[in-house]
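Taking it in order: structure first as structure tokens, then the write-up.
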Amino acid sequence: MSKSGSGVEMEERFKRRNYSRVLIKLSGEALCKTGGFGIDSEAVDYICEEIAACLRLGKEVAIVVGGGNLIRGNIFSAQTAISRSTADYMGMLATVINGLALQDKLEAMGFETRLMSAIHAHQVAEPFIRRRATRHLEKGRIIILVGGTGNPYFSTDTQAALRAQEIGAGAFLKATKVDGVYSEDPLKNPQAKRFEFLTYEDFLKLRLGVMDETAVRLCAETKTPIIVFDFARRGNLAAVTSGQKVGTIIA
């Protein structure tokens, strides 16, 4: 495992940090079986159990969910005659579907939630309004943020970074299938090095590709730390929010 040049200072600064309000970015693929499609009930159960563990620690939780388990706008557009803008709007609608699945399960577990969308879907979701979202969090409600930014050509990573700034989240938690940021894809190169700490500048310079660069730049502007961690390992989410040493910190 390795650290960037300022890793020692960053470790001292961020160790034992306890985040009271967090934004969790889930990929759409987290809602289905590995390599699968659609929504798997066991996957949804697992996600909601991990989120529940955070809530029981008294955390304020916002969730941004992608739609890649149903459709990826850029890929779908490239494979069909459908324009990129239209395909991206289809992807935004997919995030609404995923958000509804999470909302229903969390409420069945006894938690109060609000689904907030950047695109109009009044029958199923509130519009995203920053002050209202913040108030929901203060009242202990989970907010599930869907519909992307409401605009094509922007990823849900960018949406998550934007919303993290708007709601004053202490950290952007990027839930992935690997245990941090590596110098190369560890599935392709077992010798790839894992970073414990990276500056925003180092991440962008190395072009590591774990997340959208626009999202990283947004977080850099407001110095919101990004933590990339393995969501598939039970208990990791609660550990991250409690300040335990999990994953890679980009800050």
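Please note that chains go A, B, ... in the order of the structure tokens, that every chain numbers its residues from 1, and that ligands are numbered from 1 in the order shown.
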
request  = Show which residues sit within 12 Å of range 214-224 of chain A, as an MDAnalysis selection string. Count only C-alpha atoms, and ignore same-chain residues fewer than 6 positions away.
outcome  = chainID A and resid 14 19 21:23 25 149 153:174 198:205 207:208 249:251

ask   = If we count only C-alpha atoms, what is near Leu237 in chain A at a cut-off of 10 Å, once residues fewer than 4 positions away on the same chain are taken out, given as a PyMOL selection string?
value = chain A and resi 24+47+50-54+173-175+229-233+241-242+244+246

request  = Using DSSP on the backbone coordinates, identify the residues of range 66-228 of chain A assigned to helix (DSSP H, G or I); present them as a PyMOL selection string.
outcome  = chain A and resi 73-79+84-108+130-138+156-167+200-206+213-222

Long-range neighbours of Ile143 in chain A as a PyMOL selection string, 6 Å cut-off, only C-alpha atoms, 2 positions minimum in chain = chain A and resi 62+113-115

request  = Could you please write out, as a PyMOL selection string, every residue of range 1-240 of chain A that DSSP assigns to strand (DSSP E or B)?
outcome  = chain A and resi 2-3+21-26+60-65+113-117+126-127+142-146+171-176+181-182+194-198+226-230
